[in-house]
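The block underneath contains the structure these notes are about, expressed in structure tokens.
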Amino acid sequence: MISKQFISRLGRQSQRMSARWQSTSPFAAYEMAPLDPIIGLNEEFQRDDFPQKVIVGVGAYRDDAGKPYVLPCVREAEQRLVEQKLDMEYSGIAGDQKFVDLSLKFGYGEDSSALKEGRIQGVQALSGTGGLRVFGELIRRHGQKHIYVPNPTWGNHIPIFQNSGLEVRKYRYYDASNSSLDFDGMIKDIQDIPAGSCVLLHACAHNPTGMDPTLEQWKQLSELFKKKQLFPFFDAAYQGFASGDAILDAASLRMFVDDGHLLGTIQSFSKNFGLYGHRVGTLSVVGSNADEAARVVSQMKMVIRPMYSNPPRHGARIVSTILDDPKLKSDFYEQCKGMANRINTMRTKLRDELEAVGSTRNWDHIVKQIGMFAYSGLNKEQVMEMRAKHHLYCTADGRISMAGVTTNNVSYIANAMHDVSK
Amino acid sequence: MTIVPHYETLVISLLFCVTQAATFSAATASVWSKVETGPPDAILGIAQAFRECQDGRKVNVCVGAYRDTQGKPWVLPTVRAAERKLLENDDPKDYLPIEGDAGFIAEAVKFAYGQNVDLSTVAAVQTLSGTGACRIGGEFLAQFRENKNIYIPTPTWGNHWKIFKECGLETHPYRYYDRSTNRLDLNGFIEDLEAAPEGSIILLHACAHNPTGCDPTLDQWKRIADALERKGHVAFFDSAYQGFASGDAERDASAFRYIADRKTIPVLLAQSFAKNFGLYGERCGTLSMICSDEEERQRLLSQLRCVIRPMYSSPPRHGSSIVKTVLSDSQLAPQYYEECATMANRIQAMRELLVKTLAEVGSTHDWSHVSEQIGMFAFTGMSEEMCDQLTKDYAIYLTRDGRISIAGLNDSNIRYVAEAIHAVTDGKSITGN
């Protein structure tokens, strides 16, 4: 056992903890890694002390005063949880089963026959990123070498899948010259994907472009995927947040399930429930039968255990509390719709302001696009000029988080955008 | 930045027949059809078996989670108070930075390294408890170390092996516990350190070794440190029980601080708040490493972010907000240290009572190793067959390495457990089979 003398000696020595290493540091040769293109923006923004600075970078919702917004139904759920005095025991590798069940109903529909048959099963995941990583590792372990993603896609998709050991390939998606979906290009590229390949689709509110296929186009995609024996994987990060209607936003996913596809889905509850920092999500698969889905879940657990053992409880409990209570659930749909409505209002305002300040460019795409982002069409040089000259921060690809646009800053933003693009 | 290859034309596979069927056809090979059921996790699988067991006598001494005298989970009053505070203060729910909550990290580092630590010499990130910290640390080392060998004590927490293998490190065992004496095998330990290639990574349990509860003495730590220094090894500490082992958080950190203070051995620390704060399911921990100065700290952080971002983007904020609230509050902090000591003291009392009761029920084995062991577990020395018998015949659920979670014992079940242990060990050996 450690003696008292040792401890008092340690007390005297603790002063010296601050002294430098005497020998060469083992880390001397490590270089500074580049900042994450999306999250790193915050750091730059923090360092800027220009009083009118604006950031429209990370996809986190702000109210019209520019403040973070915690949904009232979330606060109420938290209040109830505190009163229930629940324990904080480990929830199991797959997480909270009640949460998973409720989230699957939320995503796939209460009446989903595949769900009732037990063919859809899943695990609680660390929001979107965590679920994507587990899925990437899972399919790589079971023979997949590639994953196909739209061009462009959310920046972090690429390192997630590369770190899973997959080669990332892209299919055409966006026509930058028209600021619209390049559906023909998309179809052509998907036709050439080898059978059995995994293809990532954004369920709604494509990030970063905000351009989604129409329902007719989704139908064509479903038939093409069937014909080509492709394995769809849906990234659903904005259900309820895109159109304001959670059922409508799930239409593409539910169509594919109804059409008989066997697929995977990652649902994030960061945006729609405003639970960003709690890392809440569900990773699921639709299998050919319940036994198969259960087997896949058991393999997901094999990936999770050496990564983080089991997921955090708090955020999942909040979502469960809300989805399990008819009143809270109905409040949630309203409040989520409220966020979507404010964003749509800002889209119109921004387009109108750009016209008002004299821009002759066509900014209609800002209003057409769906979800949290406007893919402005500004190029990298213009974005950098906006940062330097106007202290307006968005990502280098010209993606603007509409959630950061407010009545107070929309003119300022329009002016800046016009200034660099006229 | 790595270049992502653009889409290229490929030869289409001829393996599948093209069908136009709109409905699901059983003949179509599912992408998952060859997937087998994964084996249940050794520890968590047993916990599940306990939950499903219908036997009224059942006792859970399997998972390392604290239980009170009624056998119930115990949420620390300071943790409850912190939760209420967070709610009252409208704690926001925004993303934490990739590296986590700076205020929490500062408190966590001070907790482990000492209140006077120079924070610019510790590069630390918030992690998903101990597992997450080991994984982030292991991935980082695999990326940057030429020598990717990691040496892991025998025995150790089962998940260590899986974590470090997943990181791409070359895993090897080192001798630690001598089952023939139920004590530390120091000579074997030192020999294996000497035999390892220079600059290898050595996993060390900071205190309350899991599963054996057998920690080196100060003098033994000195000899271990000498060997680490001679071979230029990296000391990777796993600290899951600080405060929980002896009841004194400063004392439990002394071995780790002694090694760190030598300043000649590179140190990493995986820190968990699962047990000492009872925050198990909220996944709260840190991974840190000692560095030269602020400039180096920034470089290391930048690299650690690159490991975290494609894994889960940023850590969960509830557990870290609680720890930060408690440790930075002048009233809650001292109260916390007392609550942690309460848990450790109850476990110590149960430990002593177990050994006493074993003698009372007639066991003639030398159980002194159990008396001397530290922390949540008793490493009894029972064989796998004995453990299986305990479960099958007595509905006592423990891990098959003979490890009992003392936290699961209380006045109601301790005699029953002692009698059962006596029954399965009487006349048989509990030293190395």
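Labels used: A, B, ... for chains in the order of the structure tokens, numbers from 1 for residues in each chain, and numbers from 1 for ligands as shown.
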Checklist entry - Can you list, as a ChimeraX atom specification, every residue of range 63-293 of chain B that DSSP puts in strand (DSSP E)? => result /B:122-127,149-154,170-175,177-178,183-184,201-205,234-239,267-272,285-290
Cut-off 10 Å: closest range 182-265 of chain A/range 388-399 of chain A atom pairs per residue, using only C-alpha atoms, as a Markdown table:
| residue | atom | partner | partner_atom | distance |
| --- | --- | --- | --- | --- |
| A:Asn207 | CA | A:Arg399 | CA | 9.0 |
| A:Pro208 | CA | A:Arg399 | CA | 6.3 |
| A:Thr209 | CA | A:Arg399 | CA | 7.7 |
| A:Gly210 | CA | A:Arg399 | CA | 9.7 |
So that I have them on file, write out the residues from the current selection with C-alpha atoms, as a compact mmCIF listing (two decimals), in the first residue's frame.
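Just written: again_38.txt:
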# COMPACT_ATOMS: atom_id res chain seq x y z
CA ASN A 207 -26.97 18.27 -47.18
CA PRO A 208 -25.45 20.58 -48.51
CA THR A 209 -27.58 21.27 -51.59
CA GLY A 210 -31.13 21.20 -50.17
Next on the checklist: If we count only C-alpha atoms and set the cut-off at 9 Å, which residues sit around His209 in chain B, ignoring sequence neighbours fewer than 6 positions away in its own chain? Please answer as a list of chain:residue names.
Outcome noted: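 My reading of the contact set: B:Thr156, B:Trp157, B:Asp215, B:Tyr241, B:Gln373, B:Ile374, B:Gly375, B:Phe377.
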Next on the checklist: Quick one: residues within 9 Å of Arg351 in chain B, only C-alpha atoms, excluding same-chain residues fewer than 6 positions away - as an MDAnalysis selection string?
Outcome noted: chainID B and resid 370:371 373 377:378 406 409
Selection export as a compact mmCIF listing (two decimals), in the first residue's frame, atoms kept: C-alpha atoms:
# COMPACT_ATOMS: atom_id res chain seq x y z
CA VAL B 370 -9.32 -11.28 -1.01
CA SER B 371 -8.67 -9.21 2.12
CA GLN B 373 -7.30 -6.83 -2.87
CA PHE B 377 -13.85 -6.87 -7.15
CA ALA B 378 -12.69 -9.96 -5.35
CA ILE B 406 -18.30 -7.00 -4.05
CA LEU B 409 -22.99 -8.09 -1.74
Can you pull out the residues contacting Cys62 in chain B? Cut-off 8 Å, using only C-alpha atoms, and skip same-chain residues under 2 positions away; I want them as a PDB file with N, CA and C atoms, in the first residue's frame.
ATOM      1  N   ILE B  43     -19.192 -10.325 -20.276  1.00  0.00           N
ATOM      2  CA  ILE B  43     -19.691  -9.741 -19.028  1.00  0.00           C
ATOM      3  C   ILE B  43     -21.155  -9.343 -19.164  1.00  0.00           C
ATOM      4  N   ILE B  46     -23.649 -12.151 -19.304  1.00  0.00           N
ATOM      5  CA  ILE B  46     -23.984 -12.757 -18.009  1.00  0.00           C
ATOM      6  C   ILE B  46     -25.001 -11.888 -17.274  1.00  0.00           C
ATOM      7  N   ALA B  47     -24.824 -10.573 -17.396  1.00  0.00           N
ATOM      8  CA  ALA B  47     -25.787  -9.654 -16.765  1.00  0.00           C
ATOM      9  C   ALA B  47     -27.182  -9.884 -17.328  1.00  0.00           C
ATOM     10  N   ASN B  60     -26.545 -11.056  -8.190  1.00  0.00           N
ATOM     11  CA  ASN B  60     -25.731 -10.524  -9.277  1.00  0.00           C
ATOM     12  C   ASN B  60     -24.430  -9.968  -8.721  1.00  0.00           C
ATOM     13  N   GLY B  64     -19.510  -4.676 -12.808  1.00  0.00           N
ATOM     14  CA  GLY B  64     -18.901  -3.764 -11.856  1.00  0.00           C
ATOM     15  C   GLY B  64     -19.671  -2.474 -11.710  1.00  0.00           C
ATOM     16  N   TYR B 397     -24.456 -15.085 -10.119  1.00  0.00           N
ATOM     17  CA  TYR B 397     -23.934 -14.721 -11.439  1.00  0.00           C
ATOM     18  C   TYR B 397     -22.641 -13.923 -11.292  1.00  0.00           C
ATOM     19  N   LEU B 398     -21.578 -14.527 -11.755  1.00  0.00           N
ATOM     20  CA  LEU B 398     -20.273 -13.886 -11.716  1.00  0.00           C
ATOM     21  C   LEU B 398     -19.581 -14.187 -13.032  1.00  0.00           C
ATOM     22  N   THR B 399     -18.434 -13.550 -13.276  1.00  0.00           N
ATOM     23  CA  THR B 399     -17.714 -13.875 -14.507  1.00  0.00           C
ATOM     24  C   THR B 399     -16.900 -15.149 -14.284  1.00  0.00           C
ATOM     25  N   ARG B 403     -14.160 -13.751 -10.771  1.00  0.00           N
ATOM     26  CA  ARG B 403     -14.249 -12.387 -10.258  1.00  0.00           C
ATOM     27  C   ARG B 403     -15.653 -12.108  -9.715  1.00  0.00           C
ATOM     28  N   ILE B 404     -15.670 -11.634  -8.481  1.00  0.00           N
ATOM     29  CA  ILE B 404     -16.952 -11.279  -7.848  1.00  0.00           C
ATOM     30  C   ILE B 404     -17.005  -9.774  -7.660  1.00  0.00           C
ATOM     31  N   SER B 405     -18.096  -9.163  -8.054  1.00  0.00           N
ATOM     32  CA  SER B 405     -18.258  -7.738  -7.778  1.00  0.00           C
ATOM     33  C   SER B 405     -18.793  -7.588  -6.355  1.00  0.00           C
ATOM     34  N   GLY B 408     -22.048  -5.999  -5.242  1.00  0.00           N
ATOM     35  CA  GLY B 408     -23.317  -6.714  -5.296  1.00  0.00           C
ATOM     36  C   GLY B 408     -23.658  -7.453  -4.011  1.00  0.00           C
TER      37      GLY B 408
END
Item to check | Within 7 Å of range 339-346 of chain A using only C-alpha atoms, minus same-chain residues under 5 positions, as an NGL selection string | outcome: :A and (241-244 or 402-403 or 405-406)
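Taking only C-alpha atoms into account, chain A lies nearest to B:Pro266 out of the set B:Pro153, B:Pro266, B:Gly402, B:Gly188.
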Item to check | CA of Ile105 in chain B to CA of Val125 in chain B, straight-line distance in Å | outcome: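 Distance reported for this atom pair: 6.9 Å.
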Next on the checklist: Counting only C-alpha atoms, which residue out of A:Ser421, A:Val297, A:Glu167, A:Glu355 sits closest to Glu381 in chain A?
Outcome noted: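 Using only C-alpha atoms, the shortest distance to Glu381 in chain A belongs to A:Ser421.
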Item to check | Distance query Tyr416 in chain B at most 12 Å, only C-alpha atoms, self and fewer than 2 positions along chain excluded, as an MDAnalysis selection string | outcome: chainID B and resid 57:59 354 357:358 361 390 394:396 409:414 418:423
Next on the checklist: My list of candidates is B:Ala270, B:Met311, B:Met382, B:Leu228. Which is closest to chain A when distances are computed with only C-alpha atoms?
Outcome noted: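 Selected residue with least distance to chain A: B:Met311.
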Next on the checklist: If you run DSSP on the backbone here, which positions in range 212-325 of chain A get helix (DSSP H, G or I)? Please write them as a ChimeraX atom specification.
Outcome noted: /A:215-227,246-249,251-258,276-278,290-304,314-323
Next on the checklist: Could you check the closest approach to chain A for each of B:Glu52, B:Asp41, B:Asp388, B:Asp118 and tell me which residue wins, using only C-alpha atoms?
Outcome noted: B:Asp118
Checklist entry - Of the residues A:Pro232, A:Gly57, A:Pro194, A:Gly92, which is the one nearest to Asp36 in chain A, using only C-alpha atoms? => result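 Answer, going by the shortest atom-to-atom distance: A:Gly57.
Here CA of Phe50 in chain B and CA of Gly381 in chain B stand 21.8 Å from one another.
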